[in-house]
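Below: target-v2.cif (mmCIF, C-alpha atoms)
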```cif
data_run
loop_
_atom_site.group_PDB
_atom_site.id
_atom_site.type_symbol
_atom_site.label_atom_id
_atom_site.label_comp_id
_atom_site.auth_asym_id
_atom_site.auth_seq_id
_atom_site.Cartn_x
_atom_site.Cartn_y
_atom_site.Cartn_z
ATOM 1 C CA MET A 1 -4.260 22.570 -49.021
ATOM 2 C CA LYS A 2 -7.503 22.389 -46.982
ATOM 3 C CA ARG A 3 -6.587 18.888 -45.838
ATOM 4 C CA SER A 4 -3.183 20.095 -44.599
ATOM 5 C CA ASN A 5 -4.775 22.982 -42.680
ATOM 6 C CA LEU A 6 -7.332 20.642 -41.120
ATOM 7 C CA THR A 7 -4.590 18.216 -40.091
ATOM 8 C CA SER A 8 -2.537 21.056 -38.604
ATOM 9 C CA LEU A 9 -5.573 22.358 -36.728
ATOM 10 C CA LEU A 10 -6.333 18.896 -35.298
ATOM 11 C CA LEU A 11 -2.703 18.473 -34.265
ATOM 12 C CA VAL A 12 -2.679 21.863 -32.519
ATOM 13 C CA LEU A 13 -5.956 21.050 -30.724
ATOM 14 C CA ALA A 14 -4.655 17.657 -29.625
ATOM 15 C CA LEU A 15 -1.425 19.146 -28.260
ATOM 16 C CA TRP A 16 -3.313 21.983 -26.573
ATOM 17 C CA GLY A 17 -5.633 19.435 -24.938
ATOM 18 C CA CYS A 18 -2.699 17.432 -23.635
ATOM 19 C CA LYS A 19 -0.959 20.535 -22.354
ATOM 20 C CA GLU A 20 -4.171 21.785 -20.746
ATOM 21 C CA TYR A 21 -4.852 18.650 -18.723
ATOM 22 C CA GLY A 22 -1.320 17.376 -18.228
ATOM 23 C CA THR A 23 -0.570 14.061 -16.604
ATOM 24 C CA ALA A 24 -1.747 12.755 -13.277
ATOM 25 C CA THR A 25 0.564 13.490 -10.380
ATOM 26 C CA GLU A 26 0.982 11.464 -7.212
ATOM 27 C CA THR A 27 -0.135 12.895 -3.916
ATOM 28 C CA VAL A 28 1.840 11.607 -0.964
ATOM 29 C CA THR A 29 1.135 12.231 2.699
ATOM 30 C CA ALA A 30 3.708 12.915 5.390
ATOM 31 C CA ASN A 31 6.379 10.313 6.031
ATOM 32 C CA CYS A 32 4.915 7.194 7.659
ATOM 33 C CA SER A 33 8.219 5.309 8.059
ATOM 34 C CA GLY A 34 8.557 3.432 11.320
ATOM 35 C CA GLN A 35 7.708 0.309 13.285
ATOM 36 C CA TYR A 36 4.051 -0.737 13.461
ATOM 37 C CA GLN A 37 2.516 -3.317 15.804
ATOM 38 C CA ASN A 38 -0.959 -4.695 15.244
ATOM 39 C CA ILE A 39 -3.655 -3.979 17.839
ATOM 40 C CA PRO A 40 -6.103 -6.861 18.413
ATOM 41 C CA TYR A 41 -9.803 -6.057 18.056
ATOM 42 C CA ASN A 42 -10.863 -8.625 20.646
ATOM 43 C CA ASP A 43 -8.843 -10.741 23.063
ATOM 44 C CA GLY A 44 -6.208 -11.417 20.405
ATOM 45 C CA THR A 45 -6.376 -15.225 20.581
ATOM 46 C CA MET A 46 -7.712 -15.630 17.032
ATOM 47 C CA GLU A 47 -5.912 -12.630 15.543
ATOM 48 C CA PRO A 48 -2.378 -12.742 14.156
ATOM 49 C CA ASN A 49 0.582 -11.041 15.770
ATOM 50 C CA VAL A 50 2.030 -8.754 13.077
ATOM 51 C CA VAL A 51 4.907 -6.279 13.182
ATOM 52 C CA LEU A 52 5.892 -4.100 10.209
ATOM 53 C CA TYR A 53 9.195 -2.225 9.851
ATOM 54 C CA LEU A 54 8.015 0.136 7.123
ATOM 55 C CA VAL A 55 10.041 2.534 4.975
ATOM 56 C CA GLN A 56 8.362 5.153 2.802
ATOM 57 C CA GLU A 57 10.223 6.641 -0.158
ATOM 58 C CA GLU A 58 7.814 9.059 -1.807
ATOM 59 C CA ALA A 59 4.877 6.847 -2.891
ATOM 60 C CA LYS A 60 6.739 3.543 -2.468
ATOM 61 C CA LEU A 61 6.511 1.404 0.649
ATOM 62 C CA SER A 62 8.885 -1.417 1.536
ATOM 63 C CA GLY A 63 10.220 -3.204 4.546
ATOM 64 C CA ILE A 64 10.353 -6.306 6.668
ATOM 65 C CA GLY A 65 7.509 -7.817 8.624
ATOM 66 C CA CYS A 66 6.791 -10.648 10.996
ATOM 67 C CA PHE A 67 3.460 -12.524 10.813
ATOM 68 C CA ASN A 68 2.985 -14.953 13.735
ATOM 69 C CA GLY A 69 6.740 -15.512 13.895
ATOM 70 C CA ILE A 70 7.257 -15.832 10.115
ATOM 71 C CA THR A 71 9.534 -13.133 8.701
ATOM 72 C CA PHE A 72 8.727 -11.676 5.269
ATOM 73 C CA ASN A 73 9.783 -8.841 2.972
ATOM 74 C CA PHE A 74 7.091 -6.596 1.545
ATOM 75 C CA SER A 75 6.597 -3.864 -1.007
ATOM 76 C CA GLY A 76 3.715 -1.558 -1.668
ATOM 77 C CA ALA A 77 2.364 1.794 -2.708
ATOM 78 C CA LEU A 78 0.938 4.831 -0.964
ATOM 79 C CA ILE A 79 -1.631 7.147 -2.521
ATOM 80 C CA GLN A 80 -2.502 9.969 -0.133
ATOM 81 C CA THR A 81 -3.427 7.917 2.973
ATOM 82 C CA HIS A 82 -4.246 4.613 1.189
ATOM 83 C CA ALA A 83 -1.574 1.914 1.468
ATOM 84 C CA ILE A 84 -1.432 -1.407 -0.377
ATOM 85 C CA ILE A 85 1.264 -3.835 0.775
ATOM 86 C CA SER A 86 1.991 -7.207 -0.830
ATOM 87 C CA PHE A 87 4.077 -10.063 0.552
ATOM 88 C CA ASP A 88 4.598 -13.835 0.549
ATOM 89 C CA LEU A 89 4.490 -16.023 3.664
ATOM 90 C CA LEU A 90 6.680 -19.061 3.095
ATOM 91 C CA ASN A 91 6.885 -22.311 5.058
ATOM 92 C CA THR A 92 3.649 -21.842 7.005
ATOM 93 C CA ASN A 93 1.607 -24.737 8.402
ATOM 94 C CA MET A 94 -0.662 -24.187 5.358
ATOM 95 C CA GLY A 95 2.225 -24.233 2.877
ATOM 96 C CA ASP A 96 3.557 -21.232 0.952
ATOM 97 C CA LEU A 97 1.070 -18.363 0.799
ATOM 98 C CA LYS A 98 1.862 -16.131 -2.179
ATOM 99 C CA ASN A 99 0.499 -12.685 -3.048
ATOM 100 C CA CYS A 100 -0.789 -11.859 0.429
ATOM 101 C CA LEU A 101 -2.096 -8.303 0.840
ATOM 102 C CA ILE A 102 -2.642 -5.667 3.475
ATOM 103 C CA ASP A 103 -4.975 -2.910 2.253
ATOM 104 C CA GLY A 104 -5.396 -0.037 4.677
ATOM 105 C CA TYR A 105 -5.514 3.647 5.419
ATOM 106 C CA PHE A 106 -3.215 5.771 7.571
ATOM 107 C CA GLY A 107 -5.170 7.818 10.072
ATOM 108 C CA GLU A 108 -4.502 10.454 12.681
ATOM 109 C CA GLY A 109 -2.310 9.435 15.564
ATOM 110 C CA ASN A 110 -0.055 7.184 13.436
ATOM 111 C CA PHE A 111 -2.597 4.406 12.965
ATOM 112 C CA LEU A 112 -2.961 2.088 9.955
ATOM 113 C CA ALA A 113 -6.213 0.149 9.677
ATOM 114 C CA GLY A 114 -7.833 -1.976 7.005
ATOM 115 C CA GLY A 115 -7.849 -5.597 6.005
ATOM 116 C CA TYR A 116 -5.514 -8.415 5.035
ATOM 117 C CA THR A 117 -5.849 -11.519 2.937
ATOM 118 C CA LEU A 118 -3.489 -14.482 2.919
ATOM 119 C CA SER A 119 -5.243 -16.371 0.135
ATOM 120 C CA PRO A 120 -8.511 -16.120 -1.800
ATOM 121 C CA GLN A 121 -9.826 -19.204 0.026
ATOM 122 C CA MET A 122 -9.310 -17.610 3.450
ATOM 123 C CA GLY A 123 -11.030 -14.331 2.578
ATOM 124 C CA THR A 124 -10.276 -10.933 4.061
ATOM 125 C CA CYS A 125 -9.857 -10.228 7.766
ATOM 126 C CA LYS A 126 -9.663 -6.842 9.485
ATOM 127 C CA ILE A 127 -6.409 -5.587 10.968
ATOM 128 C CA ARG A 128 -5.154 -2.393 12.555
ATOM 129 C CA PHE A 129 -1.712 -1.148 13.511
ATOM 130 C CA ARG A 130 -0.262 1.542 15.738
ATOM 131 C CA MET A 131 3.125 3.133 15.098
ATOM 132 C CA VAL A 132 5.300 2.233 18.085
ATOM 133 C CA GLU A 133 8.467 3.935 16.853
ATOM 134 C CA LYS A 134 8.992 6.605 14.202
ATOM 135 C CA ALA A 135 11.947 6.121 11.830
ATOM 136 C CA ARG A 136 14.751 8.629 12.242
#
```
For this file, write the structure as structure tokens.
Amino acid sequence: MKRSNLTSLLLVLALWGCKEYGTATETVTANCSGQYQNIPYNDGTMEPNVVLYLVQEEAKLSGIGCFNGITFNFSGALIQTHAIISFDLLNTNMGDLKNCLIDGYFGEGNFLAGGYTLSPQMGTCKIRFRMVEKAR
């Protein structure tokens, strides 16, 4: 009988603990859907030309992009203002580049800034975007 009461007590405590803390919920910022164009940091000769046509659906990001004339589809996630976008660049002069990433933050004034990597061998480079047209 004592064992059954102890088991019941532990079960009640476990359920109460779960109910008390609940599950994590996503926090999503305002809609960031639209067209983004990268802004060069310097003269732009060594930096890529990138355009993103981004769609936000709650915490999911998706769309079509163009990286130095190569079109790609992308998907990603948004947590508050932090965006992670993954894509593949196919048929480049360096071959197929898989699992490329853009990791950035949305800031005031419709800006997205952070870094991108095309492959582990190339490392990470900085990039920033400005929204040129808001989605309707």
Exercise. Can you list, as a ChimeraX atom specification, the residues that the PyMOL selection byres ((chain A and resi 86) around 8) selects here?
Worked result: /A:74-76,84-85,87-88,99-102
Exercise. Near segment 39-46 of chain A, counting all atoms listed in the file, which residues have an atom at most 12 Å away, once you skip same-chain residues fewer than 3 positions from it, shown as a VMD selection string?
Worked result: chain A and resid 36 49 to 51 68 111 to 114 125 to 132
For this session: Go through A:Gly104, A:Gly109, A:Gly95, A:Gly69 and flag the residue nearest Pro48 of chain A, using only C-alpha atoms for the distances.
Result: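 Nearest to Pro48 of chain A: A:Gly69.
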Calculate, to one decimal in Å, the centre and edge lengths of the box along x, y and z of the file that holds all listed atoms of segment 39-46 of chain A with 4 Å of margin on each side, and present them as JSON.
```
{"center_x": -7.3, "center_y": -9.8, "center_z": 20.0, "size_x": 15.2, "size_y": 19.7, "size_z": 14.0}
```
For this session: Quote the spacing between atom CA of Gln35 of chain A and atom CA of Gly63 of chain A in Å to one decimal place.
Result: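 Atom CA of Gln35 of chain A sits 9.7 Å away from atom CA of Gly63 of chain A.
Take atom CA of Ala135 of chain A and atom CA of Ser33 of chain A: the distance between them is 5.4 Å.
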Seminar exercise, completed: Shortest contact to Glu108 of chain A, candidates A:Gly65, A:Thr81, A:Met122, A:Asn38, atoms counted all atoms listed in the file, goes to A:Thr81
Exercise. What does the distance from atom CA of Phe72 of chain A to atom CA of Leu52 of chain A come to in Å, to one decimal?
Worked result: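 A separation of 9.5 Å between them.
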For this session: For Ile70 of chain A, list every protein, DNA or RNA residue within 8 Å, evaluated using only C-alpha atoms, and leave out those in the same chain fewer than 5 positions away; present the list as a ChimeraX atom specification.
Result: /A:89-90,92
Would you save the residues from that selection as an mmCIF file, keeping the file's coordinate frame, using C-alpha atoms?
```
data_model
loop_
_atom_site.group_PDB
_atom_site.id
_atom_site.type_symbol
_atom_site.label_atom_id
_atom_site.label_comp_id
_atom_site.auth_asym_id
_atom_site.auth_seq_id
_atom_site.Cartn_x
_atom_site.Cartn_y
_atom_site.Cartn_z
ATOM 1 C CA LEU A 89 4.490 -16.023 3.664
ATOM 2 C CA LEU A 90 6.680 -19.061 3.095
ATOM 3 C CA THR A 92 3.649 -21.842 7.005
#
```
For this session: Give the answer as one residue: which of A:Thr71, A:Asp96, A:Phe106, A:Ile79 has the shortest atom-to-atom distance to Ser119 of chain A, using all atoms listed in the file?
Result: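 Going through A:Thr71, A:Asp96, A:Phe106, A:Ile79 one by one, the smallest distance to Ser119 of chain A is for A:Asp96.
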For this session: Name all residues at most 9 Å from Gln56 of chain A (count all atoms listed in the file; drop same-chain ones fewer than 4 positions away) and give them as a list in words.
Result: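 Counting all atoms listed in the file, the residues come to Asn31, Cys32, Ser33, Gly34, Lys60, Leu61, Ser62, Gly63, Ala77 and Leu78 of chain A.
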